[in-house]
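Undergrad: Sharing a structure with you now.
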Amino acid sequence: MTESEFLAAAEAVLDNIESRLERAADAANIDLECSRSGNVLEIEFIEHNSKIIVNTQAPMQEIWVAARSGGFHYRMTGDRWLDTRDGSELFAALSSLVSAQAGMPLIF
């Protein structure tokens, strides 16, 4: 994958995460705030005073996630973003991470 292809794919993932999270939070009445600065998406859980950071790493062609439970690296395999250590899928992992930090189930 070229750098341009990676950047386009990663940008689409960040947009997707942000829009899905905002819809899910509205539906579940969770006080969270998403903010973007370039290739960094910050998800803030206001009531729980915590954050999840999702950012792209173009040189590695990875998406990195930092949460209370740790740091995770995802690389595109086929049409899915998979953890480089355990093979878990990005959106499934984010559902678990977001649920843990929101204090209630939130699946997107």
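For the structure tokens, the naming scheme is as follows: chains receive sequential letters (A, B, ...) according to their order of presentation, residues are indexed from 1 within each chain, and ligands are indexed from 1 in presentation order.
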So which residues touch Gly71 (chain A) within 10 Å, counting only C-alpha atoms, skipping near sequence neighbours fewer than 4 positions away, as a ChimeraX atom specification?
TA: /A:52-54,64-67
Undergrad: Just to be explicit: take each residue in the selection above, keep N, CA, C and O atoms, and write the result as a CSV table (one decimal), in the first residue's frame.
TA:
chain,number,residue,atom,x,y,z
A,52,ILE,N,-9.5,8.2,25.3
A,52,ILE,CA,-8.9,7.2,24.4
A,52,ILE,C,-8.4,8.1,23.2
A,52,ILE,O,-9.1,8.9,22.7
A,53,ILE,N,-7.2,7.8,22.8
A,53,ILE,CA,-6.6,8.5,21.7
A,53,ILE,C,-6.4,7.5,20.6
A,53,ILE,O,-5.8,6.4,20.8
A,54,VAL,N,-6.8,7.9,19.4
A,54,VAL,CA,-6.6,7.1,18.2
A,54,VAL,C,-5.9,7.9,17.2
A,54,VAL,O,-6.3,9.1,16.9
A,64,TRP,N,-2.9,3.6,15.8
A,64,TRP,CA,-2.5,3.3,17.2
A,64,TRP,C,-3.7,3.8,18.1
A,64,TRP,O,-4.3,4.8,17.8
A,65,VAL,N,-3.9,3.0,19.1
A,65,VAL,CA,-5.0,3.3,20.1
A,65,VAL,C,-4.3,3.3,21.5
A,65,VAL,O,-3.7,2.3,21.9
A,66,ALA,N,-4.5,4.4,22.2
A,66,ALA,CA,-4.1,4.5,23.6
A,66,ALA,C,-5.3,4.6,24.5
A,66,ALA,O,-6.1,5.5,24.3
A,67,ALA,N,-5.4,3.7,25.4
A,67,ALA,CA,-6.6,3.6,26.4
A,67,ALA,C,-6.0,3.3,27.8
A,67,ALA,O,-4.8,3.0,27.9
Undergrad: Identify, with DSSP run on backbone atoms, the residues in chain A assigned to alpha helix (DSSP H), and express the list as a VMD selection string.
TA: chain A and resid 3 to 28 90 to 102
Undergrad: So which residues touch region 36-47 of chain A within 10 Å, counting only C-alpha atoms, skipping near sequence neighbours fewer than 5 positions away, as a list of chain:residue names?
TA: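 So the residues in contact are A:Leu7, A:Ala10, A:Glu11, A:Leu14, A:Asp15, A:Ile17, A:Glu18, A:Leu21, A:Glu22, A:Ile30, A:Asp31, A:Ile52, A:Ile53, A:Val54, A:Asn55, A:Thr56, A:Gln57, A:Ala58, A:Ile63, A:Trp64, A:Val65, A:Ala66, A:Ala67, A:Val98, A:Gln101, A:Ala102, A:Gly103.
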Undergrad: Since we have the selection now, will you write its residues out, keeping N, CA and C atoms, as a PDB file, in the first residue's frame?
TA:
ATOM      1  N   LEU A   7      -2.977   6.812   3.923  1.00  0.00           N
ATOM      2  CA  LEU A   7      -3.543   8.025   4.497  1.00  0.00           C
ATOM      3  C   LEU A   7      -5.037   8.141   4.210  1.00  0.00           C
ATOM      4  N   ALA A  10      -6.797   5.433   6.392  1.00  0.00           N
ATOM      5  CA  ALA A  10      -6.753   5.803   7.811  1.00  0.00           C
ATOM      6  C   ALA A  10      -7.683   6.973   8.096  1.00  0.00           C
ATOM      7  N   GLU A  11      -7.739   7.940   7.199  1.00  0.00           N
ATOM      8  CA  GLU A  11      -8.646   9.081   7.363  1.00  0.00           C
ATOM      9  C   GLU A  11     -10.097   8.599   7.380  1.00  0.00           C
ATOM     10  N   LEU A  14     -10.781   7.044  10.824  1.00  0.00           N
ATOM     11  CA  LEU A  14     -10.970   8.051  11.871  1.00  0.00           C
ATOM     12  C   LEU A  14     -12.334   8.724  11.739  1.00  0.00           C
ATOM     13  N   ASP A  15     -12.730   9.058  10.509  1.00  0.00           N
ATOM     14  CA  ASP A  15     -14.057   9.652  10.286  1.00  0.00           C
ATOM     15  C   ASP A  15     -15.154   8.695  10.726  1.00  0.00           C
ATOM     16  N   ILE A  17     -14.975   6.153  12.920  1.00  0.00           N
ATOM     17  CA  ILE A  17     -14.976   6.018  14.383  1.00  0.00           C
ATOM     18  C   ILE A  17     -15.690   7.209  15.010  1.00  0.00           C
ATOM     19  N   GLU A  18     -15.335   8.399  14.576  1.00  0.00           N
ATOM     20  CA  GLU A  18     -15.914   9.605  15.154  1.00  0.00           C
ATOM     21  C   GLU A  18     -17.430   9.649  14.954  1.00  0.00           C
ATOM     22  N   LEU A  21     -19.207   6.787  16.968  1.00  0.00           N
ATOM     23  CA  LEU A  21     -19.180   7.054  18.409  1.00  0.00           C
ATOM     24  C   LEU A  21     -20.180   8.127  18.802  1.00  0.00           C
ATOM     25  N   GLU A  22     -20.242   9.183  18.026  1.00  0.00           N
ATOM     26  CA  GLU A  22     -21.171  10.259  18.348  1.00  0.00           C
ATOM     27  C   GLU A  22     -22.613   9.770  18.288  1.00  0.00           C
ATOM     28  N   ILE A  30     -24.603   9.075  26.658  1.00  0.00           N
ATOM     29  CA  ILE A  30     -23.289   9.091  27.302  1.00  0.00           C
ATOM     30  C   ILE A  30     -22.623  10.424  26.994  1.00  0.00           C
ATOM     31  N   ASP A  31     -22.047  11.031  28.013  1.00  0.00           N
ATOM     32  CA  ASP A  31     -21.388  12.319  27.853  1.00  0.00           C
ATOM     33  C   ASP A  31     -19.953  12.093  27.396  1.00  0.00           C
ATOM     34  N   ILE A  52      -9.511   8.213  25.309  1.00  0.00           N
ATOM     35  CA  ILE A  52      -8.913   7.244  24.392  1.00  0.00           C
ATOM     36  C   ILE A  52      -8.391   8.063  23.229  1.00  0.00           C
ATOM     37  N   ILE A  53      -7.171   7.797  22.837  1.00  0.00           N
ATOM     38  CA  ILE A  53      -6.551   8.503  21.719  1.00  0.00           C
ATOM     39  C   ILE A  53      -6.357   7.510  20.576  1.00  0.00           C
ATOM     40  N   VAL A  54      -6.816   7.894  19.390  1.00  0.00           N
ATOM     41  CA  VAL A  54      -6.634   7.081  18.187  1.00  0.00           C
ATOM     42  C   VAL A  54      -5.856   7.941  17.203  1.00  0.00           C
ATOM     43  N   ASN A  55      -4.730   7.444  16.731  1.00  0.00           N
ATOM     44  CA  ASN A  55      -3.960   8.217  15.766  1.00  0.00           C
ATOM     45  C   ASN A  55      -3.326   7.317  14.723  1.00  0.00           C
ATOM     46  N   THR A  56      -2.964   7.930  13.616  1.00  0.00           N
ATOM     47  CA  THR A  56      -2.354   7.177  12.526  1.00  0.00           C
ATOM     48  C   THR A  56      -0.843   7.348  12.564  1.00  0.00           C
ATOM     49  N   GLN A  57      -0.168   6.310  12.168  1.00  0.00           N
ATOM     50  CA  GLN A  57       1.291   6.307  12.080  1.00  0.00           C
ATOM     51  C   GLN A  57       1.665   5.934  10.652  1.00  0.00           C
ATOM     52  N   ALA A  58       1.775   6.950   9.789  1.00  0.00           N
ATOM     53  CA  ALA A  58       2.036   6.718   8.370  1.00  0.00           C
ATOM     54  C   ALA A  58       3.317   5.927   8.103  1.00  0.00           C
ATOM     55  N   ILE A  63      -2.608   2.150  12.706  1.00  0.00           N
ATOM     56  CA  ILE A  63      -3.453   2.997  13.532  1.00  0.00           C
ATOM     57  C   ILE A  63      -3.165   2.584  14.967  1.00  0.00           C
ATOM     58  N   TRP A  64      -2.852   3.559  15.804  1.00  0.00           N
ATOM     59  CA  TRP A  64      -2.529   3.283  17.193  1.00  0.00           C
ATOM     60  C   TRP A  64      -3.659   3.758  18.088  1.00  0.00           C
ATOM     61  N   VAL A  65      -3.938   2.987  19.115  1.00  0.00           N
ATOM     62  CA  VAL A  65      -4.979   3.318  20.091  1.00  0.00           C
ATOM     63  C   VAL A  65      -4.338   3.301  21.474  1.00  0.00           C
ATOM     64  N   ALA A  66      -4.541   4.380  22.218  1.00  0.00           N
ATOM     65  CA  ALA A  66      -4.078   4.459  23.605  1.00  0.00           C
ATOM     66  C   ALA A  66      -5.306   4.589  24.492  1.00  0.00           C
ATOM     67  N   ALA A  67      -5.430   3.657  25.443  1.00  0.00           N
ATOM     68  CA  ALA A  67      -6.567   3.632  26.365  1.00  0.00           C
ATOM     69  C   ALA A  67      -6.028   3.343  27.767  1.00  0.00           C
ATOM     70  N   VAL A  98     -14.125   1.409  24.717  1.00  0.00           N
ATOM     71  CA  VAL A  98     -15.054   2.511  24.950  1.00  0.00           C
ATOM     72  C   VAL A  98     -16.052   2.131  26.043  1.00  0.00           C
ATOM     73  N   GLN A 101     -14.400   2.387  29.468  1.00  0.00           N
ATOM     74  CA  GLN A 101     -14.143   3.746  29.935  1.00  0.00           C
ATOM     75  C   GLN A 101     -15.416   4.581  30.065  1.00  0.00           C
ATOM     76  N   ALA A 102     -16.489   4.186  29.375  1.00  0.00           N
ATOM     77  CA  ALA A 102     -17.765   4.891  29.513  1.00  0.00           C
ATOM     78  C   ALA A 102     -18.545   4.384  30.721  1.00  0.00           C
ATOM     79  N   GLY A 103     -18.200   3.193  31.179  1.00  0.00           N
ATOM     80  CA  GLY A 103     -18.895   2.631  32.329  1.00  0.00           C
ATOM     81  C   GLY A 103     -20.208   1.965  31.974  1.00  0.00           C
TER      82      GLY A 103
END
Undergrad: Could you pull out the strand (DSSP E) residues of chain A, going by DSSP on the backbone, and write them as a PyMOL selection string?
TA: chain A and resi 32-37+40-45+50-57+62-67+70-77+80-83
Undergrad: Taking only C-alpha atoms into account, name the residue in A:Asn49, A:Ser35, A:Leu97, A:Leu106 that is nearest to Phe72 (chain A).
TA: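 Under the stated criterion, the closest residue is A:Leu97.
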Undergrad: So the first atom is CA of Leu90 (chain A) and the second is CA of Ser19 (chain A); what is the distance between them in Å, to one decimal place?
TA: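 Calculated distance between CA of Leu90 (chain A) and CA of Ser19 (chain A) is 15.3 Å.
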Undergrad: What's the 8 Å shell around Ser95 (chain A), counting only C-alpha atoms, without same-chain residues fewer than 2 positions away, as a PyMOL selection string?
TA: chain A and resi 91-93+97-99+105-108
Undergrad: What is the CA of Arg85 (chain A)-CA of Leu32 (chain A) distance in Å, reported with one decimal?
TA: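 Here the two named atoms are 28.5 Å from each other.
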